[in-house]
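Here is the structure we will look at.
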Amino acid sequence: MFTDFDRQMMARALQLARRALYTTDPNPRVGCVLVRDGVIVGEGFHVRAGEPHAERHALAAAGDKARGATAYVTLEPCSHTGRTGPCADALVEAGVSRVIAAMQDPNPQVAGQGLKRLADAGIDSASGLLEDEARALNPGFISRMTRQRPFIRIKIAASVDGRTAMASGESQWITGPAAREDVQRLRARSSAVVTGVGTVLADRPSYTVRPDQWVLTSYDNDWVRQPLRVILDRTLRTPPNVPVVSAPGHCLLVAGERHDGRQNALESAGAEVIHLPASGSGIDLQQLLKELNRRECNEVLVECGATLAGAFVREGLFDELIVYMAPALLGSSARPLLGLPQLASMSEKVSLQWQDVRMVGDDLRLTLVPA
């Protein structure tokens, strides 16, 4: 059905889409290539929400040469009017003869309707070319559209003996600069970063994206989108003057109890405070994910201590676990990788599957998914 040339052109469209890895949120990353007579006549990608989609950039670049061309697009052209008009209509009006999509749009407002509109207009249309690669590019958008919750990625830095901090709470720095830059890239692609108040008090992090400090990778844009910073703080112990509150971008504190004086101080410092139901000693994580979904969060990076990370794992609320393992030993009294309850037998173990293993500087990065 698809030729080697088709695959090459879709691979180029995917390459274009990846250029907006850090900027399109909450929209999906999409690339488009227009080809006529075996020659690329236009290409483009969706840069950020509210701006033209990939197809419209490619059509603008092609001009009259779009007539009779084949469009390779990494996601089914939209058929509804959102922040911009339907791309399926734009392709019809431009007179393209063929449209190949890597995958159908999981958005219920589209879900095959874009391809149907093209077919109804007499345009040869198909999907499924390099679909796995296209899906891997937008795990959060797909999750939000199909499961009504973000894609949850837990990041942990640990020693070889599985320890994340000294008994005192000291944890900076277990891993080297290359691993820390890699985490910056995870933040940059995330809609939100979630942490707990204990980590905020112990480490005073900012959880910002700082591409001016990137050495191993360039930031392929002149605009930096800071992820939403979310602090789970049941009793609002977060001081108003910590970096995570004052840094560029938006900070959201999620409380389980009302403390008007503390809330007023945090709001005066620029933070937003909301209240969600408490669960045990923390916040109800199911309700948290519903709130993040309501805020159109696609990918969420959980950067926290063993207790909160363990809660996400214990409740099965994670899609990917990334462990940066440093060539060091912290000893048996140091804090564990995850705060999980004592298991009585092997049948209670949490089973995972290997997704990727690679070196990042002097550290090892392990990527695992639920089995």
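Numbering starts fresh at 1 for the residues of each chain in the structure tokens, the chains themselves are lettered A, B, ... in the order given, and ligands are numbered from 1 as they appear.
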
Note to self: Just list as JSON, numbers by chain whatever in stretch 200-229 of chain A DSSP marks as alpha helix (DSSP H).
What the structure shows: {"A": [200, 201, 202, 203]}

Applying 7 Å and only C-alpha atoms, which residues near A:Ala88 remain after dropping the ones on its own chain fewer than 5 positions away? List them as a compact mmCIF listing (two decimals) with C-alpha atoms, in the first residue's frame.
# COMPACT_ATOMS: atom_id res chain seq x y z
CA PRO A 77 -6.03 16.70 9.27
CA CYS A 78 -8.54 18.31 11.61
CA SER A 79 -12.16 18.65 10.51
CA GLY A 114 -11.00 14.60 8.60
CA ARG A 117 -14.11 14.78 4.47
CA LEU A 118 -11.12 14.35 2.16

Within 6 Å of stretch 233-242 of chain A, counting only C-alpha atoms, which residues qualify if same-chain residues fewer than 6 places away don't, as JSON, numbers by chain? {"A": [197, 254, 255, 256, 257, 266, 269, 282]}

Enumerate as a CSV table (one decimal) with N, CA and C atoms, in the first residue's frame all residues of stretch 76-304 of chain A assigned to strand (DSSP E or B) by DSSP on the backbone, naming them with the chain letters and numbers the document uses.
chain,number,residue,atom,x,y,z
A,98,ARG,N,-3.9,13.6,-3.0
A,98,ARG,CA,-3.7,12.5,-2.1
A,98,ARG,C,-3.2,12.9,-0.8
A,99,VAL,N,-3.7,12.3,0.3
A,99,VAL,CA,-3.3,12.6,1.7
A,99,VAL,C,-3.0,11.3,2.4
A,100,ILE,N,-1.8,11.3,3.0
A,100,ILE,CA,-1.5,10.1,3.8
A,100,ILE,C,-1.2,10.6,5.2
A,101,ALA,N,-1.9,10.1,6.1
A,101,ALA,CA,-1.7,10.4,7.6
A,101,ALA,C,-1.1,9.3,8.3
A,124,ASP,N,-7.8,10.9,-2.6
A,124,ASP,CA,-7.3,9.6,-2.2
A,124,ASP,C,-6.7,9.8,-0.8
A,125,SER,N,-7.2,9.1,0.2
A,125,SER,CA,-6.7,9.3,1.6
A,125,SER,C,-6.5,8.0,2.3
A,126,ALA,N,-5.5,7.9,3.1
A,126,ALA,CA,-5.1,6.7,3.9
A,126,ALA,C,-4.4,7.1,5.2
A,127,SER,N,-4.3,6.2,6.1
A,127,SER,CA,-3.6,6.4,7.3
A,127,SER,C,-2.9,5.1,7.8
A,151,PHE,N,-0.5,11.8,30.4
A,151,PHE,CA,0.5,10.7,30.4
A,151,PHE,C,1.5,11.1,31.6
A,152,ILE,N,1.6,10.1,32.5
A,152,ILE,CA,2.4,10.4,33.7
A,152,ILE,C,3.8,9.7,33.6
A,153,ARG,N,4.8,10.6,33.7
A,153,ARG,CA,6.2,10.1,33.6
A,153,ARG,C,6.9,10.4,35.0
A,154,ILE,N,7.3,9.4,35.7
A,154,ILE,CA,8.0,9.6,37.0
A,154,ILE,C,9.5,9.6,36.7
A,155,LYS,N,10.2,10.6,37.2
A,155,LYS,CA,11.7,10.7,37.1
A,155,LYS,C,12.3,10.5,38.5
A,156,ILE,N,13.3,9.7,38.6
A,156,ILE,CA,14.0,9.5,39.8
A,156,ILE,C,15.5,9.4,39.6
A,157,ALA,N,16.3,10.1,40.4
A,157,ALA,CA,17.7,10.0,40.4
A,157,ALA,C,18.2,9.1,41.6
A,158,ALA,N,19.0,8.1,41.3
A,158,ALA,CA,19.3,7.2,42.4
A,158,ALA,C,20.8,6.7,42.3
A,159,SER,N,21.3,6.1,43.3
A,159,SER,CA,22.6,5.5,43.3
A,159,SER,C,22.4,4.1,42.9
A,163,ARG,N,19.3,4.2,46.2
A,163,ARG,CA,19.0,5.3,47.2
A,163,ARG,C,18.9,6.6,46.5
A,164,THR,N,17.9,7.4,47.0
A,164,THR,CA,17.7,8.7,46.3
A,164,THR,C,18.1,9.9,47.1
A,165,ALA,N,18.4,9.7,48.4
A,165,ALA,CA,18.9,10.9,49.2
A,165,ALA,C,19.5,10.3,50.5
A,192,ALA,N,3.2,19.9,32.7
A,192,ALA,CA,3.3,20.2,34.1
A,192,ALA,C,4.4,19.4,34.8
A,193,VAL,N,5.0,19.9,35.9
A,193,VAL,CA,5.9,19.2,36.7
A,193,VAL,C,5.2,19.1,38.1
A,194,VAL,N,5.1,17.9,38.6
A,194,VAL,CA,4.4,17.7,39.9
A,194,VAL,C,5.5,17.3,41.0
A,195,THR,N,5.4,17.9,42.1
A,195,THR,CA,6.3,17.6,43.2
A,195,THR,C,5.5,17.7,44.6
A,196,GLY,N,6.2,17.3,45.6
A,196,GLY,CA,5.6,17.4,47.0
A,196,GLY,C,6.3,18.5,47.8
A,228,LEU,N,3.7,24.1,33.8
A,228,LEU,CA,3.0,24.4,35.1
A,228,LEU,C,3.7,23.7,36.2
A,229,ARG,N,4.0,24.4,37.3
A,229,ARG,CA,4.7,23.8,38.4
A,229,ARG,C,3.6,23.5,39.5
A,230,VAL,N,3.4,22.3,39.9
A,230,VAL,CA,2.4,21.8,40.8
A,230,VAL,C,3.0,21.3,42.1
A,231,ILE,N,2.6,21.9,43.2
A,231,ILE,CA,3.1,21.4,44.5
A,231,ILE,C,2.0,20.8,45.3
A,232,LEU,N,2.1,19.6,45.7
A,232,LEU,CA,1.1,19.0,46.5
A,232,LEU,C,1.5,19.3,48.0
A,251,CYS,N,2.8,28.8,39.0
A,251,CYS,CA,2.9,27.8,40.1
A,251,CYS,C,1.5,27.6,40.7
A,252,LEU,N,1.2,26.3,40.9
A,252,LEU,CA,-0.1,25.9,41.4
A,252,LEU,C,0.1,25.1,42.7
A,253,LEU,N,-0.4,25.5,43.8
A,253,LEU,CA,-0.4,24.7,45.0
A,253,LEU,C,-1.7,24.0,45.2
A,254,VAL,N,-1.6,22.7,45.5
A,254,VAL,CA,-2.8,21.9,45.8
A,254,VAL,C,-2.9,21.6,47.2
A,255,ALA,N,-3.8,22.1,47.9
A,255,ALA,CA,-4.0,21.9,49.3
A,255,ALA,C,-5.2,20.9,49.6
A,272,GLU,N,-1.0,30.2,42.5
A,272,GLU,CA,-2.4,29.9,42.5
A,272,GLU,C,-2.6,28.8,43.6
A,273,VAL,N,-3.7,28.8,44.4
A,273,VAL,CA,-4.0,27.8,45.3
A,273,VAL,C,-5.4,27.2,45.1
A,274,ILE,N,-5.4,25.9,45.0
A,274,ILE,CA,-6.7,25.2,44.9
A,274,ILE,C,-6.8,24.2,46.0
A,275,HIS,N,-8.0,23.7,46.2
A,275,HIS,CA,-8.2,22.6,47.2
A,275,HIS,C,-8.8,21.4,46.6
A,278,ALA,N,-8.3,15.3,50.4
A,278,ALA,CA,-7.1,14.7,50.9
A,278,ALA,C,-7.3,13.2,50.9
A,279,SER,N,-6.2,12.5,50.8
A,279,SER,CA,-6.2,11.0,50.9
A,279,SER,C,-5.0,10.6,51.7
A,282,GLY,N,-1.8,12.8,52.2
A,282,GLY,CA,-1.5,13.6,51.1
A,282,GLY,C,-2.8,14.0,50.3
A,283,ILE,N,-2.6,14.2,49.0
A,283,ILE,CA,-3.7,14.7,48.2
A,283,ILE,C,-4.2,13.5,47.3
A,299,GLU,N,1.5,15.8,28.9
A,299,GLU,CA,2.5,15.0,29.6
A,299,GLU,C,2.8,15.7,30.9
A,300,VAL,N,2.9,14.9,32.0
A,300,VAL,CA,3.1,15.4,33.3
A,300,VAL,C,4.4,14.7,33.8
A,301,LEU,N,5.4,15.4,34.3
A,301,LEU,CA,6.6,14.9,34.8
A,301,LEU,C,6.5,15.0,36.4
A,302,VAL,N,6.6,13.8,37.0
A,302,VAL,CA,6.6,13.8,38.5
A,302,VAL,C,8.1,13.8,39.0
A,303,GLU,N,8.5,14.9,39.6
A,303,GLU,CA,9.8,15.0,40.2
A,303,GLU,C,9.7,15.2,41.7

Would you mind listing, for every residue of stretch 264-313 of chain A within 12 Å of stretch 17-35 of chain A, the two atoms forming the shortest contact and the distance between them in Å to one decimal, using only C-alpha atoms, sorted by chain and ascending residue number, as CSV?
residue,atom,partner,partner_atom,distance
A:Leu292,CA,A:Pro26,CA,11.5
A:Asn293,CA,A:Pro26,CA,10.5
A:Arg294,CA,A:Pro26,CA,11.4
A:Arg295,CA,A:Pro26,CA,9.1
A:Glu296,CA,A:Pro26,CA,6.0
A:Cys297,CA,A:Pro26,CA,6.4
A:Asn298,CA,A:Pro26,CA,6.4
A:Glu299,CA,A:Asp25,CA,9.1
A:Val300,CA,A:Asp25,CA,11.5

#### Entry: Separation of atom CA of A:Gln226 from atom CA of A:Met145 in Å
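Computing it gives 22.5 Å between the two atoms.
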
So how far away is atom CA of A:Pro243 from atom CA of A:Ser206, in Å?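 Computed distance, atom CA of A:Ser206 to atom CA of A:Pro243, equals 4.9 Å.
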
Next on the checklist: Considering only C-alpha atoms, can you say which of A:Gly162, A:Asn221, A:Gln287, A:Arg314 comes closest to A:Gln342?
Outcome noted: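 Smallest distance to A:Gln342 is found for A:Arg314.
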
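Restricting the calculation to only C-alpha atoms, the smallest distance between A:Ala178 and any of A:Gly361, A:Gly198, A:Gly270, A:Pro341 is found for A:Gly361.
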
Between atom CA of A:Leu186 and atom CA of A:Leu330 lies a distance of 25.5 Å

Contact residues around A:Met359 with only C-alpha atoms at 10 Å, ignoring same-chain residues under 5 positions, as number ranges by chain: A: 178-179, 324-325, 364-366

Emit the selected residues as a short mmCIF file (atom, residue, chain, number, x, y, z; two decimals), in the first residue's frame, including N, CA, C and O atoms.
data_model
loop_
_atom_site.label_atom_id
_atom_site.label_comp_id
_atom_site.auth_asym_id
_atom_site.auth_seq_id
_atom_site.Cartn_x
_atom_site.Cartn_y
_atom_site.Cartn_z
N ALA A 178 25.19 15.91 32.78
CA ALA A 178 24.52 15.42 31.57
C ALA A 178 23.13 14.89 31.89
O ALA A 178 22.17 15.13 31.15
N ALA A 179 23.02 14.16 32.99
CA ALA A 179 21.71 13.64 33.40
C ALA A 179 20.78 14.77 33.79
O ALA A 179 19.59 14.75 33.48
N TYR A 324 17.55 7.64 36.65
CA TYR A 324 18.93 8.00 36.34
C TYR A 324 19.80 7.40 37.45
O TYR A 324 19.70 7.83 38.61
N MET A 325 20.60 6.43 37.11
CA MET A 325 21.38 5.70 38.11
C MET A 325 22.83 6.14 38.06
O MET A 325 23.50 6.03 37.04
N LEU A 364 23.58 6.13 34.11
CA LEU A 364 22.77 5.20 33.32
C LEU A 364 21.33 5.64 33.41
O LEU A 364 20.81 5.90 34.50
N ARG A 365 20.65 5.75 32.25
CA ARG A 365 19.22 6.10 32.26
C ARG A 365 18.40 4.88 31.92
O ARG A 365 18.53 4.29 30.85
N LEU A 366 17.55 4.47 32.85
CA LEU A 366 16.69 3.31 32.69
C LEU A 366 15.27 3.79 32.47
O LEU A 366 14.72 4.54 33.28
#

- Message: Using only C-alpha atoms, can you tell me which of A:Arg12, A:Asp319, A:Val183, A:Ala61 comes closest to A:Pro139?
- Response: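 Of all the options, A:Asp319 lies closest to A:Pro139.
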